[in-house]
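Heads up, the thing below is written out as structure tokens.
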Amino acid sequence: MPAVAVNQVGYLSSGPKRATLVTDAVRPLTWRLAGADGGIVADGRTEPRGTDVSSGQNVHIIDFGAHRRAGDGFTLTADGATSHPFTIGAGLYRPLLTDALKFFYCQRSGIEIREDLRPGCGRPAGHLTDSDVPCAPDAGDYRLDVRGGWYDAGDQGKYVVNGGIAVWQLLHAFEHRRGLDDLALDLPESGNGVPDLLNEVRWELDFLLRMQAPNGMVHHKMHDSAWTGLPTLPHLDPQPRVLRPVSTAATLNLAAVAAQGARIYRKHDTGYADRLLAAARTAFTAAGDNPIRYATVEDTIGGGPYDDDDVRDEFYWAAAELFLTTGEQRYADAVLESPLHTADVFGPYAFDWAATAAAARLDLALTPSALPGRDDVRASVVAGADRYLAILRAHPYAVAYAPPGNQWHWGSNSMVLNNLVVLAVAHDLTGEPRYRDGVVEGLDYILGRNALRLSYVTGYGADYAENQHSRWYAHQLDPSLPHPPRGTLAGGPNSGLQDEVAQARLAGCVGQFCYVDDIESWSTNELTINWNAPLAWVTAFAAEIG
């Protein structure tokens, strides 16, 4: 059946404007762009692209970029099918940026979430007893105050490596994107003289600091001693909480983001910056003394394992951030001696919680320093961006992601977005419009120009995901509970189909179709802090240029 997939939020007046037509036709077809009153404002012929591997569909491209007049309620029609309505104009992405960042307040642990600040998110404070949590028997014989922080995802655990990459990305956006220092997020701390984004990130940074053990290592995670069911609000969670063992990966995450935070917060709070830097130095030294303390894949009772047995990338990342903050030779040496410093770190996806070398590379490329060979660092980022841009341009849905064997990863939407981050940094480095246009067009996939014609961001578009896996945004299971708040990103297609709902409903799915908007499909439809972070980063870029 013919269908027209568009960015349901809209298109920047001065940016690329393309849509994807699903059709049986093999020859070009006529398309028409109509305004809100139904009048035709542009027309043309489609570009046949054959079978799209990621969906199995026969598709054409509709390019209406020549139309620049702003307005609401535009629709595209071709082969008897009409798209969802969309807007053309400027300023489209500022509201989405704000909501994507407000998501983090709603994920806070240990504090009441005020309904007046975030309607639909209000709830009592959860897990106040996190101020006194014991180690599990295999983790130590002490207790720590690990209150605060963000709940990681649809469960109520708090994980250092996922928190670390989310913190890094939000701080990276603050450091390198314009317009975030005065963005109002309506937080309890608003008005304290510190930018709201830094106020929000500090809630998680303080938790990460508290996860540092007496020996300088950092506990990998803390969560319930057994899994709770859906729905369970945080303040009603009956399970005791435990600290799981320290890990080298978690310790280096703290070293990286505490060092990064030290240079960014110094302008606003010198004492806090000093505390962060001291913790980063201690953690880096401790990790060097304990280089193979790995989180195990078997640690799945009550929380996800976040296992990682290759921490060369975390060492590289932590050394990079410490060098950029301090300029000290020992950290420069650690960067230059890392085998990853000259390696190609831009694979099918650029980075995530378990692959952080590209995070180091992006900061080394953008943040001024006296590192020898910095031109080569910058060139490597541009080369990675060229690869992702070529994938995007070849893809009929403009997806900057082509996993080997068409086997889409868990959280594929975040991987698409993180690849767009690389394009945006390449634009920062070169000023070349093709990278800017690639980022803008790449967002189309997330916001509805995909095989499902679904916006993966709650509250944005005519048809959007709203039943993400969560223990308290559980309207699908209990109508008295809310859907996830506006600006929440769904994980997206995942060929692995690890949950029973996905296995039952999506067996034999192809690429983009390996997704279902069901609260029980935790492998395709979870929400997480490290997925909303790249959504915020990329929309910050789009808002900046729009």
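Following the order of the structure tokens, chains are lettered A, B, ..., residues in each are numbered from 1, and ligands are numbered from 1.
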Based on DSSP run over this structure's backbone, return all residues of range 208-396 of chain A in alpha helix (DSSP H), as a VMD selection string.
chain A and resid 208 to 210 248 to 265 270 to 289 312 to 326 329 to 337 357 to 366 374 to 394
Find the residues around range 94-101 of chain A up to 9 Å (only C-alpha atoms counted), leave out those fewer than 5 positions away in its own chain, and share them as a ChimeraX atom specification.
/A:170,183-185,197,200,457,460,485-489,532-533,535-540,542-544,546
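Going from CA of Tyr401 in chain A to CA of Tyr388 in chain A covers 6.9 Å.
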Considering only C-alpha atoms, give me a table of residues in range 379-480 of chain A that are at most 12 Å from range 344-363 of chain A, with the closest atom pair and distance in Å for each, as JSON lines.
{"residue": "A:Ala379", "atom": "CA", "partner": "A:Arg361", "partner_atom": "CA", "distance": 10.5}
{"residue": "A:Ser380", "atom": "CA", "partner": "A:Asp344", "partner_atom": "CA", "distance": 7.5}
{"residue": "A:Val381", "atom": "CA", "partner": "A:Leu362", "partner_atom": "CA", "distance": 6.9}
{"residue": "A:Val382", "atom": "CA", "partner": "A:Leu362", "partner_atom": "CA", "distance": 10.1}
{"residue": "A:Ala383", "atom": "CA", "partner": "A:Phe346", "partner_atom": "CA", "distance": 8.8}
{"residue": "A:Gly384", "atom": "CA", "partner": "A:Phe346", "partner_atom": "CA", "distance": 5.5}
{"residue": "A:Ala385", "atom": "CA", "partner": "A:Phe346", "partner_atom": "CA", "distance": 8.4}
{"residue": "A:Asp386", "atom": "CA", "partner": "A:Phe346", "partner_atom": "CA", "distance": 10.4}
{"residue": "A:Arg387", "atom": "CA", "partner": "A:Phe346", "partner_atom": "CA", "distance": 8.5}
{"residue": "A:Tyr388", "atom": "CA", "partner": "A:Pro348", "partner_atom": "CA", "distance": 8.5}
{"residue": "A:Ile391", "atom": "CA", "partner": "A:Pro348", "partner_atom": "CA", "distance": 10.0}
{"residue": "A:Val399", "atom": "CA", "partner": "A:Tyr349", "partner_atom": "CA", "distance": 11.8}
{"residue": "A:Ala400", "atom": "CA", "partner": "A:Tyr349", "partner_atom": "CA", "distance": 9.0}
{"residue": "A:Tyr401", "atom": "CA", "partner": "A:Pro348", "partner_atom": "CA", "distance": 6.4}
{"residue": "A:Ala402", "atom": "CA", "partner": "A:Pro348", "partner_atom": "CA", "distance": 6.4}
{"residue": "A:Pro403", "atom": "CA", "partner": "A:Pro348", "partner_atom": "CA", "distance": 5.7}
{"residue": "A:Pro404", "atom": "CA", "partner": "A:Pro348", "partner_atom": "CA", "distance": 7.6}
{"residue": "A:Gly405", "atom": "CA", "partner": "A:Pro348", "partner_atom": "CA", "distance": 11.2}
{"residue": "A:Asn406", "atom": "CA", "partner": "A:Pro348", "partner_atom": "CA", "distance": 10.9}
{"residue": "A:Gln407", "atom": "CA", "partner": "A:Pro348", "partner_atom": "CA", "distance": 11.0}
{"residue": "A:Trp408", "atom": "CA", "partner": "A:Pro348", "partner_atom": "CA", "distance": 10.2}
{"residue": "A:His409", "atom": "CA", "partner": "A:Tyr349", "partner_atom": "CA", "distance": 9.4}
{"residue": "A:Trp410", "atom": "CA", "partner": "A:Asp352", "partner_atom": "CA", "distance": 11.0}
{"residue": "A:Gly411", "atom": "CA", "partner": "A:Asp352", "partner_atom": "CA", "distance": 9.6}
{"residue": "A:Ser412", "atom": "CA", "partner": "A:Tyr349", "partner_atom": "CA", "distance": 8.8}
{"residue": "A:Asn413", "atom": "CA", "partner": "A:Tyr349", "partner_atom": "CA", "distance": 10.5}
{"residue": "A:Ser414", "atom": "CA", "partner": "A:Asp352", "partner_atom": "CA", "distance": 8.2}
{"residue": "A:Met415", "atom": "CA", "partner": "A:Tyr349", "partner_atom": "CA", "distance": 5.4}
{"residue": "A:Val416", "atom": "CA", "partner": "A:Tyr349", "partner_atom": "CA", "distance": 7.3}
{"residue": "A:Leu417", "atom": "CA", "partner": "A:Tyr349", "partner_atom": "CA", "distance": 9.2}
{"residue": "A:Asn418", "atom": "CA", "partner": "A:Ala350", "partner_atom": "CA", "distance": 6.2}
{"residue": "A:Asn419", "atom": "CA", "partner": "A:Ala350", "partner_atom": "CA", "distance": 5.6}
{"residue": "A:Leu420", "atom": "CA", "partner": "A:Ala350", "partner_atom": "CA", "distance": 9.1}
{"residue": "A:Val421", "atom": "CA", "partner": "A:Ala350", "partner_atom": "CA", "distance": 8.7}
{"residue": "A:Val422", "atom": "CA", "partner": "A:Ala350", "partner_atom": "CA", "distance": 7.5}
{"residue": "A:Leu423", "atom": "CA", "partner": "A:Ala350", "partner_atom": "CA", "distance": 10.6}
{"residue": "A:Ala424", "atom": "CA", "partner": "A:Leu362", "partner_atom": "CA", "distance": 10.4}
{"residue": "A:Val425", "atom": "CA", "partner": "A:Leu362", "partner_atom": "CA", "distance": 7.2}
{"residue": "A:Ala426", "atom": "CA", "partner": "A:Leu362", "partner_atom": "CA", "distance": 9.3}
{"residue": "A:Asp428", "atom": "CA", "partner": "A:Leu362", "partner_atom": "CA", "distance": 10.8}
{"residue": "A:Leu429", "atom": "CA", "partner": "A:Leu362", "partner_atom": "CA", "distance": 10.3}
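Taking CA of Arg471 in chain A as the reference point, CA of Pro234 in chain A is found at 8.1 Å.
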Per DSSP on the backbone, what are the strand (DSSP E) residues of range 88-230 of chain A, as number ranges by chain?
A: 88-89, 133-134, 143-144, 158-159, 218-219, 221-224
Neighbour list for Asp186 in chain A as a list in words, cut-off 12 Å, only C-alpha atoms, skip fewer than 4 positions in-chain
Thr98, Asp99, Leu101, Lys102, Phe103, Phe104, Tyr105, Cys106, Ile113, Arg114, Glu115, Asp116, Leu117, Arg118, Pro119, Asp182, Ser190, Gly191, Asn192, Pro195, Asp196, Leu197, Asn199 and Glu200 of chain A
Excluding same-chain residues fewer than 4 positions from Leu506 in chain A, what lies within 9 Å of it counting only C-alpha atoms, as a list in words?
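Near Leu506 in chain A, the qualifying residues are Leu497, Val501, Ala502, Val510, Phe513, Cys514, Tyr515 and Val516 of chain A.
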File dump, residues just selected, C-alpha atoms, as a PDB file, in the first residue's frame:
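Dumped everything to part_37.pdb:
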ATOM      1  CA  LEU A 497      14.214  -9.247  19.964  1.00  0.00           C
ATOM      2  CA  VAL A 501       6.523  -9.435  23.328  1.00  0.00           C
ATOM      3  CA  ALA A 502       8.969  -8.652  20.545  1.00  0.00           C
ATOM      4  CA  VAL A 510      13.458  -6.932   8.770  1.00  0.00           C
ATOM      5  CA  PHE A 513      10.338  -3.237  11.397  1.00  0.00           C
ATOM      6  CA  CYS A 514      11.932  -4.783  14.519  1.00  0.00           C
ATOM      7  CA  TYR A 515      10.128  -2.385  16.828  1.00  0.00           C
ATOM      8  CA  VAL A 516       6.848  -2.321  18.719  1.00  0.00           C
TER       9      VAL A 516
END
Between CA of Pro396 in chain A and CA of Val53 in chain A, what is the spacing in Å?
9.5 Å
Report as a count of residues only all protein, DNA and RNA residues lying within 9 Å of Thr129 in chain A, evaluated on only C-alpha atoms, omitting residues in the same chain fewer than 2 positions from it.
9
Can you tell me which residues surround Leu277 in chain A at a distance of at most 8 Å, considering only C-alpha atoms, apart from same-chain residues fewer than 6 positions away, and format the answer as an MDAnalysis selection string?
chainID A and resid 258:259 262
Keeping only C-alpha atoms, take the residues you just selected and write them out as a short mmCIF file (atom, residue, chain, number, x, y, z; two decimals), in the first residue's frame.
data_model
loop_
_atom_site.label_atom_id
_atom_site.label_comp_id
_atom_site.auth_asym_id
_atom_site.auth_seq_id
_atom_site.Cartn_x
_atom_site.Cartn_y
_atom_site.Cartn_z
CA ALA A 258 34.70 14.50 36.64
CA ALA A 259 37.70 15.90 34.76
CA ALA A 262 36.00 20.36 36.47
#
